[in-house]
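K.L.:
This is the structure, below, for whatever I ask next.
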Amino acid sequence: MRLFLTLLSLLLAWPVAAQLPERDLVLELREIDEGGAGYVVGTRPQVPLMPPQQLQVRNGGAARLSFSQVTPIQWVQSVQAQGALTGAGVKQGLIWLQAGQSLQFKPRWPGGQKPATVEVEVQTQNVRQQPGKDLPTQERGELSTTVSAPLGQWVTLARSGQAPQPGVYSSNAATQRPRLLQLRVTAP
């Protein structure tokens, strides 16, 4: 009995987790070029930046944003030559391959001037060509992270590309101005 009372007093003294303010939060996602100096000259068109996205989500809830493209792949499975009792024929196969990204955000804002904590999960699907093979393959990847986002401030989630070295000129297609994927959380 004494052990039970001791455990009960410890449980009562344990701090109760504060509930999150019941509010909607606005999550904004943008892609920008890092650094604006200089210009790029090339024979290939520039890949356009992702248009800014805005999501409204309940504090503590989840929001998902998906960008994808589905491509049909058709191929010849078998060919039958014309025989004495049968006609010629071709049997074809069809599959659908999906490429794109899906991002899930779970913001938690304790209120006041404290930053929001945002869990970010990214799932990617790519179609990879295989020269000399019958069909392309589908690759999948996942990434999870948690970021602290002060309200109203842009936070960089990811960086792609590489910065060219000053005074170095190259025709290397891999040289691409760095781009940033950024997130901003506001509590309107």
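Identifiers in the structure tokens: chain A, B, ... in order shown; residue index from 1 per chain; ligand index from 1 in order shown.
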Applying 10 Å and only C-alpha atoms, which residues near A:Gln113 remain after dropping the ones on its own chain fewer than 3 positions away? List them as an NGL selection string.
P.N.:
:A and (109-110 or 116 or 150-151)
K.L.:
Quick one: residues within 12 Å of A:Ser148, only C-alpha atoms counted, chain neighbours fewer than 6 positions away excluded, as a tab-separated table (two decimals) with C-alpha atoms, in the first residue's frame?
P.N.:
```tsv
chain	number	residue	atom	x	y	z
A	106	LYS	CA	3.55	17.82	-39.02
A	107	PRO	CA	3.90	21.19	-37.29
A	108	ARG	CA	3.72	21.60	-33.51
A	109	TRP	CA	3.70	25.14	-32.15
A	110	PRO	CA	3.59	25.58	-28.35
A	114	LYS	CA	8.43	29.96	-29.30
A	115	PRO	CA	9.45	28.35	-32.61
A	116	ALA	CA	7.37	25.64	-34.22
A	117	THR	CA	8.81	22.15	-34.53
A	118	VAL	CA	8.04	20.63	-37.92
A	119	GLU	CA	8.47	16.96	-38.75
A	120	VAL	CA	9.13	16.60	-42.48
A	154	TRP	CA	12.20	31.13	-43.85
A	155	VAL	CA	14.07	27.95	-42.87
A	156	THR	CA	16.12	26.02	-45.44
A	157	LEU	CA	15.12	22.35	-45.65
A	183	LEU	CA	9.69	26.49	-45.33
A	184	ARG	CA	7.97	29.27	-43.37
A	185	VAL	CA	5.41	28.76	-40.60
```
K.L.:
Residues at most 12 Å from A:Gly89, counting only C-alpha atoms, excluding those fewer than 3 positions away in the same chain, as a JSON list (two decimals) with all heavy atoms, in the first residue's frame?
P.N.:
```json
[["chain", "number", "residue", "atom", "x", "y", "z"],
["A", 76, "VAL", "N", 6.26, -5.01, -76.35],
["A", 76, "VAL", "CA", 5.83, -6.24, -77.00],
["A", 76, "VAL", "C", 6.28, -7.41, -76.14],
["A", 76, "VAL", "O", 7.47, -7.58, -75.87],
["A", 76, "VAL", "CB", 6.43, -6.36, -78.43],
["A", 76, "VAL", "CG1", 6.08, -7.71, -79.05],
["A", 76, "VAL", "CG2", 5.95, -5.21, -79.29],
["A", 77, "GLN", "N", 5.30, -8.21, -75.69],
["A", 77, "GLN", "CA", 5.63, -9.38, -74.86],
["A", 77, "GLN", "C", 5.96, -10.58, -75.72],
["A", 77, "GLN", "O", 6.85, -11.35, -75.41],
["A", 77, "GLN", "CB", 4.45, -9.72, -73.94],
["A", 77, "GLN", "CG", 4.29, -8.75, -72.80],
["A", 77, "GLN", "CD", 3.14, -9.13, -71.88],
["A", 77, "GLN", "OE1", 2.10, -9.60, -72.32],
["A", 77, "GLN", "NE2", 3.33, -8.93, -70.60],
["A", 78, "SER", "N", 5.20, -10.78, -76.80],
["A", 78, "SER", "CA", 5.47, -11.93, -77.68],
["A", 78, "SER", "C", 4.89, -11.66, -79.06],
["A", 78, "SER", "O", 3.97, -10.87, -79.22],
["A", 78, "SER", "CB", 4.87, -13.22, -77.09],
["A", 78, "SER", "OG", 3.46, -13.10, -77.01],
["A", 79, "VAL", "N", 5.45, -12.35, -80.03],
["A", 79, "VAL", "CA", 4.98, -12.27, -81.41],
["A", 79, "VAL", "C", 4.75, -13.69, -81.89],
["A", 79, "VAL", "O", 5.57, -14.58, -81.69],
["A", 79, "VAL", "CB", 6.03, -11.56, -82.31],
["A", 79, "VAL", "CG1", 5.58, -11.56, -83.76],
["A", 79, "VAL", "CG2", 6.31, -10.15, -81.82],
["A", 80, "GLN", "N", 3.62, -13.88, -82.53],
["A", 80, "GLN", "CA", 3.30, -15.21, -83.07],
["A", 80, "GLN", "C", 3.19, -15.10, -84.58],
["A", 80, "GLN", "O", 2.46, -14.27, -85.11],
["A", 80, "GLN", "CB", 1.96, -15.70, -82.49],
["A", 80, "GLN", "CG", 1.56, -17.07, -83.02],
["A", 80, "GLN", "CD", 0.24, -17.53, -82.40],
["A", 80, "GLN", "OE1", -0.09, -17.15, -81.29],
["A", 80, "GLN", "NE2", -0.49, -18.33, -83.15],
["A", 81, "ALA", "N", 3.98, -15.95, -85.26],
["A", 81, "ALA", "CA", 3.95, -15.96, -86.72],
["A", 81, "ALA", "C", 2.69, -16.69, -87.21],
["A", 81, "ALA", "O", 2.12, -17.51, -86.50],
["A", 81, "ALA", "CB", 5.20, -16.65, -87.27],
["A", 82, "GLN", "N", 2.30, -16.36, -88.42],
["A", 82, "GLN", "CA", 1.11, -17.00, -88.99],
["A", 82, "GLN", "C", 1.42, -18.46, -89.26],
["A", 82, "GLN", "O", 2.44, -18.81, -89.84],
["A", 82, "GLN", "CB", 0.69, -16.30, -90.28],
["A", 82, "GLN", "CG", -0.58, -16.85, -90.86],
["A", 82, "GLN", "CD", -1.09, -16.00, -92.01],
["A", 82, "GLN", "OE1", -0.62, -14.90, -92.25],
["A", 82, "GLN", "NE2", -2.06, -16.52, -92.73],
["A", 83, "GLY", "N", 0.52, -19.32, -88.79],
["A", 83, "GLY", "CA", 0.68, -20.75, -89.02],
["A", 83, "GLY", "C", -0.42, -21.25, -89.93],
["A", 83, "GLY", "O", -1.26, -20.49, -90.42],
["A", 86, "THR", "N", -3.46, -20.93, -87.51],
["A", 86, "THR", "CA", -3.57, -19.73, -86.69],
["A", 86, "THR", "C", -3.11, -18.51, -87.46],
["A", 86, "THR", "O", -2.31, -18.61, -88.41],
["A", 86, "THR", "CB", -2.72, -19.85, -85.41],
["A", 86, "THR", "OG1", -1.35, -19.98, -85.80],
["A", 86, "THR", "CG2", -3.13, -21.02, -84.55],
["A", 92, "GLN", "N", 0.92, -7.46, -76.33],
["A", 92, "GLN", "CA", 1.61, -6.32, -75.75],
["A", 92, "GLN", "C", 1.34, -6.22, -74.24],
["A", 92, "GLN", "O", 0.30, -6.68, -73.77],
["A", 92, "GLN", "CB", 1.15, -5.03, -76.43],
["A", 92, "GLN", "CG", 1.53, -4.99, -77.89],
["A", 92, "GLN", "CD", 1.21, -3.65, -78.53],
["A", 92, "GLN", "OE1", 0.50, -2.84, -77.98],
["A", 92, "GLN", "NE2", 1.77, -3.42, -79.71]]
```
K.L.:
What does the structure give for the distance between atom CA of A:Ala149 and atom CA of A:Gln19, in Å to one decimal?
P.N.:
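Rounded to one decimal, the two atoms are 18.9 Å apart.
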K.L.:
Quick one: everything within 12 Å of stretch 121-124 of chain A, counting only C-alpha atoms, minus sequence neighbours fewer than 3 positions away in the same chain. Send it as a PyMOL selection string.
P.N.:
chain A and resi 62-69+98-107+118+127+138-147+157-158
K.L.:
In Å, how far is it from atom CA of A:Leu29 to atom CA of A:Gln53?
P.N.:
5.1 Å
K.L.:
What is the distance, in Å and to one decimal place, between atom CA of A:Thr186 and atom CA of A:Gly152?
P.N.:
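Going from atom CA of A:Thr186 over to atom CA of A:Gly152, I get 5.2 Å.
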K.L.:
Restricting the calculation to only C-alpha atoms: of A:Gly111, A:Pro72, A:Lys133, A:Leu85, which residue gets closest to A:Asn59?
P.N.:
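The answer is A:Gly111, which sits nearest to A:Asn59.
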K.L.:
With a distance cut-off of 8 Å and only C-alpha atoms, select the neighbouring residues of A:Ile32, excluding the residue or stretch itself and same-chain residues fewer than 4 positions from it, and output the selection as a list in words.
P.N.:
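Counting only the stated atoms, we get Leu49, Arg179, Leu180, Leu181 and Gln182 of chain A.
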K.L.:
Could you dump the residues just selected with N, CA and C atoms as a PDB file, in the first residue's frame?
P.N.:
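The file below, result_21.pdb, is the result:
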```pdb
ATOM      1  N   LEU A  49      11.740  26.975 -61.419  1.00  0.00           N
ATOM      2  CA  LEU A  49      11.595  26.836 -59.983  1.00  0.00           C
ATOM      3  C   LEU A  49      10.194  26.329 -59.666  1.00  0.00           C
ATOM      4  N   ARG A 179      20.117  25.714 -55.476  1.00  0.00           N
ATOM      5  CA  ARG A 179      18.731  26.078 -55.177  1.00  0.00           C
ATOM      6  C   ARG A 179      18.428  25.646 -53.754  1.00  0.00           C
ATOM      7  N   LEU A 180      17.569  26.414 -53.119  1.00  0.00           N
ATOM      8  CA  LEU A 180      17.171  26.127 -51.751  1.00  0.00           C
ATOM      9  C   LEU A 180      15.682  25.835 -51.701  1.00  0.00           C
ATOM     10  N   LEU A 181      15.312  24.823 -50.929  1.00  0.00           N
ATOM     11  CA  LEU A 181      13.917  24.535 -50.639  1.00  0.00           C
ATOM     12  C   LEU A 181      13.685  25.049 -49.228  1.00  0.00           C
ATOM     13  N   GLN A 182      12.761  26.015 -49.086  1.00  0.00           N
ATOM     14  CA  GLN A 182      12.574  26.665 -47.804  1.00  0.00           C
ATOM     15  C   GLN A 182      11.135  26.562 -47.318  1.00  0.00           C
TER      16      GLN A 182
END
```
